[in-house]
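> Have a look at this one.
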Amino acid sequence: MDIAFFGVGNMGGPMAANLVKAGHRVRVFDLVPALVEAAVENGAEAAPDPARAVSGAEMVISMLPSAQAVEELYLGEAGILSAIDPASLIVDCSTIDAATARKLSVLAGESGRTMIDAPVSGGVGGSRAGTLTFICGGPEAAVERARPLLEVMGRNVFRAGDSGAGQVAKICNNMLLAILMAGTAEALQLGVDNGLDPAVLSQIMAESSGSNWALKVYNPWPGVMENAPASNDYRGGFGVKLMNKDLGLALQSALDSRSSTPMGALARSLYALHANAGNEALDFSSIQRLYASRGA
Ligand code: NAD
């Protein structure tokens, strides 16, 4: 398939590389030339500008940092929406607010084009390994059309509902993850402050009713889990900055729908505090340090 791919950063770079590996023709465009060069080394073609990237493309994929960047790409001064072949499918994999995702899909629809939202879960590791989870929003037929390509880059492809639903499901999940991570860190600190071994406590809770993914797979206490970012000075993994972004999107969504999200709001404040203390670049499990009264 002929694919145009926008945004070959931490996530998009490996995703584009996996499409090339599967035999697709991929033209990439990014604002950072060095990232385009890296994609070319992995077998993609460099597009000189966004319009030429989409020329002849059967599928257009974007993986950008923010809603503003996505709006700019499709609708800005040199916006590509009108240059895209109406027969091709547009798949935005960026994590953005649901309202912007809906607006884009409506505008695409009004111009005779189809656009779905397909944010991902699984991080940079999942992107490299081709094991991402795609959480799609849009017409069923469009999601099914995208599925074979998404399955090249990921292991699971879900349809959460209509346009914007993928974004809503993604931020619900990440809000819950932040709450679970903060709660897990809090419980571990309480145990350690009262003389428990964090590894023993983790083992007990993992087999008890407090068990959760943050505790079992991504333990925030250094040394409990060899391969978790906590055991590597909280390097790698999913950054505090990105978690803050997703919590902000969750709270914005809660305001829009007048939902009560007290735990999400608290998690957002904890992560903002943690980020402002200079921890933005660390993995999100480093929230453990916020609780550390006697060393974590
Ligand atoms: P990144 O900053 O590494 O990559 C984004 C790329 O988009 C950059 O290279 C940037 O130059 C490029 N870009 C910006 N505007 C552009 C434009 N108009 N045209 C072409 N390229 C443009 O970010 P990332 O970590 O790859 O994240 C991408 C998206 O995936 C974000 O929305 C993020 O929230 C989401 N996400 C990230 C992770 C993660 O672990 N990094 C996990 C899940 C979801």
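To be explicit about the labels: the chains of the structure tokens are called A, B, and onward in the order shown, and within each one the residues are counted from 1, while ligands get numbers from 1 in the order they are shown.
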Neighbours of ligand 1 at 8 Å or closer, counting only C-alpha atoms and all ligand atoms: which residues, as an NGL selection string?

:A and (6-13 or 29-32 or 35 or 50 or 62-67 or 69-70 or 72-73 or 93-96 or 119-125 or 237-239 or 242 or 245-246)

> Identify, on the basis of only C-alpha atoms, every residue whose closest approach to A:Val168 does not exceed 8 Å; exclude the query and any residue fewer than 3 positions from it along the same chain; express the result as a ChimeraX atom specification.

/A:97-98,164-165,171-172,250,253

> Please produce a file of those selected residues containing N, CA, C and O atoms, as a compact mmCIF listing (two decimals), in the first residue's frame.


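The new file part_34.txt reads:
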```
# COMPACT_ATOMS: atom_id res chain seq x y z
N ASP A 97 -7.48 15.93 22.15
CA ASP A 97 -8.81 15.98 22.76
C ASP A 97 -9.87 15.48 21.79
O ASP A 97 -9.75 15.63 20.56
N ALA A 98 -10.92 14.88 22.37
CA ALA A 98 -11.96 14.25 21.55
C ALA A 98 -12.69 15.29 20.70
O ALA A 98 -13.09 15.00 19.56
N GLY A 164 -13.96 10.36 17.76
CA GLY A 164 -13.64 10.94 19.07
C GLY A 164 -13.66 9.89 20.17
O GLY A 164 -13.02 10.09 21.21
N ALA A 165 -14.37 8.78 19.95
CA ALA A 165 -14.50 7.76 21.00
C ALA A 165 -13.16 7.10 21.33
O ALA A 165 -12.91 6.70 22.47
N ILE A 171 -8.02 8.31 27.08
CA ILE A 171 -7.74 9.13 28.28
C ILE A 171 -8.41 8.55 29.53
O ILE A 171 -7.93 8.77 30.63
N CYS A 172 -9.52 7.82 29.34
CA CYS A 172 -10.09 7.11 30.51
C CYS A 172 -9.06 6.12 31.03
O CYS A 172 -8.83 6.03 32.24
N ALA A 250 -7.94 14.47 30.07
CA ALA A 250 -9.02 13.80 30.82
C ALA A 250 -9.85 14.84 31.57
O ALA A 250 -11.09 14.81 31.55
N SER A 253 -11.94 16.89 29.24
CA SER A 253 -13.09 16.10 28.80
C SER A 253 -14.15 16.05 29.91
O SER A 253 -15.36 16.16 29.65
```

> Produce a table with one row for each residue of stretch 165-240 of chain A that has an atom at most 8 Å from any atom of stretch 131-141 of chain A, each row naming the nearest atom pair and its distance in Å at one decimal; use only C-alpha atoms; arrange rows by chain and rising residue number; format as a Markdown table.


```
| residue | atom | partner | partner_atom | distance |
| --- | --- | --- | --- | --- |
| A:Ala165 | CA | A:Gly137 | CA | 4.7 |
| A:Gly166 | CA | A:Gly137 | CA | 4.3 |
| A:Gln167 | CA | A:Gly137 | CA | 7.3 |
| A:Ala169 | CA | A:Ile135 | CA | 7.1 |
| A:Lys170 | CA | A:Ile135 | CA | 6.7 |
```

> Smallest atom-to-atom distance to A:Ala101: which of A:Gln68, A:Asn227, A:Ser269, A:Ser208, using only C-alpha atoms?

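Comparing A:Gln68, A:Asn227, A:Ser269, A:Ser208 against A:Ala101, the winner is A:Gln68.
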
> Would you return as a ChimeraX atom specification the members of stretch 78-113 of chain A that DSSP assigns to helix (DSSP H, G or I) on this structure's backbone?

/A:81-83,98-110

> Given the choices A:Ser55, A:Asn18, A:Asn279, A:Ser260, which gets closest to A:Ala4 if the distance is worked out from only C-alpha atoms?

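Answer, going by the shortest atom-to-atom distance: A:Ser55.
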
> For A:Val106, which residue among A:Met181, A:Ser163, A:Tyr234, A:Arg145 is the nearest when counting only C-alpha atoms?

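Ranking A:Met181, A:Ser163, A:Tyr234, A:Arg145 by distance to A:Val106, first place goes to A:Ser163.
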
> Between A:Asn276, A:Leu201, A:Ser259, A:Asp283, which has the minimum distance to A:Ala228 (counting only C-alpha atoms)?

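Looking at the shortest contact to A:Ala228, the residue is A:Asp283.
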
> Closest to A:Met243 among A:Ala46, A:Ala206, A:Ile179, A:Leu290, using only C-alpha atoms?

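Using only C-alpha atoms, A:Met243 sits closest to A:Ile179.
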
> Hey, what's within 7 Å of stretch 185-190 of chain A if we count only C-alpha atoms and toss same-chain stuff fewer than 6 positions away? As a list in words, please?

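In the requested form, the answer reads Pro198, Pro220, Gln288, Tyr291 and Ala292 of chain A.
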
> Using the chain letters and numbers from this document, which residues of stretch 18-193 of chain A does DSSP assign to strand (DSSP E), as an NGL selection string?

:A and (25-29 or 45-46 or 59-62 or 89-92 or 114-117 or 120-121 or 132-137 or 154-161)

> List the neighbours of A:Asn212 out to 12 Å using only C-alpha atoms; skip same-chain residues closer than 5 positions along the sequence, and give me the result as a count of residues only.

19

> With distances taken over only C-alpha atoms, which residue among A:Gly23, A:Arg128, A:Met175, A:Leu282 lies nearest A:Ala254?

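Comparing A:Gly23, A:Arg128, A:Met175, A:Leu282 against A:Ala254, the winner is A:Met175.
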
> Would you mind reading off the distance between atom CA of A:Trp213 and atom CA of A:Phe284, one decimal, in Å?

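Here the two named atoms are 13.6 Å from each other.
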
> If we count only C-alpha atoms and set the cut-off at 9 Å, which residues sit around A:Ala281, ignoring sequence neighbours fewer than 5 positions away in its own chain? Please answer as a list in words.

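Result of the neighbour search: Arg235, Gly236, Gly239, Val240, Lys241 and Ala275 of chain A.
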
> Using N, CA, C and O atoms, can you write the selected residues to a file as a PDB file, in the first residue's frame?


```pdb
ATOM      1  N   ARG A 235      14.397   5.937  34.135  1.00  0.00           N
ATOM      2  CA  ARG A 235      14.646   6.344  32.748  1.00  0.00           C
ATOM      3  C   ARG A 235      13.845   5.445  31.820  1.00  0.00           C
ATOM      4  O   ARG A 235      13.510   4.315  32.164  1.00  0.00           O
ATOM      5  N   GLY A 236      13.545   5.975  30.612  1.00  0.00           N
ATOM      6  CA  GLY A 236      12.775   5.208  29.632  1.00  0.00           C
ATOM      7  C   GLY A 236      11.313   5.189  30.031  1.00  0.00           C
ATOM      8  O   GLY A 236      10.898   5.914  30.934  1.00  0.00           O
ATOM      9  N   GLY A 239       6.835   9.038  29.960  1.00  0.00           N
ATOM     10  CA  GLY A 239       7.284  10.213  30.702  1.00  0.00           C
ATOM     11  C   GLY A 239       6.203  10.916  31.520  1.00  0.00           C
ATOM     12  O   GLY A 239       5.015  10.883  31.168  1.00  0.00           O
ATOM     13  N   VAL A 240       6.653  11.561  32.605  1.00  0.00           N
ATOM     14  CA  VAL A 240       5.765  12.373  33.450  1.00  0.00           C
ATOM     15  C   VAL A 240       5.080  13.449  32.586  1.00  0.00           C
ATOM     16  O   VAL A 240       3.896  13.741  32.744  1.00  0.00           O
ATOM     17  N   LYS A 241       5.833  14.001  31.632  1.00  0.00           N
ATOM     18  CA  LYS A 241       5.284  15.060  30.773  1.00  0.00           C
ATOM     19  C   LYS A 241       4.064  14.547  29.985  1.00  0.00           C
ATOM     20  O   LYS A 241       3.030  15.217  29.894  1.00  0.00           O
ATOM     21  N   ALA A 275       6.020  17.100  38.210  1.00  0.00           N
ATOM     22  CA  ALA A 275       6.653  17.642  36.996  1.00  0.00           C
ATOM     23  C   ALA A 275       7.346  18.957  37.310  1.00  0.00           C
ATOM     24  O   ALA A 275       8.492  19.186  36.908  1.00  0.00           O
TER      25      ALA A 275
END
```
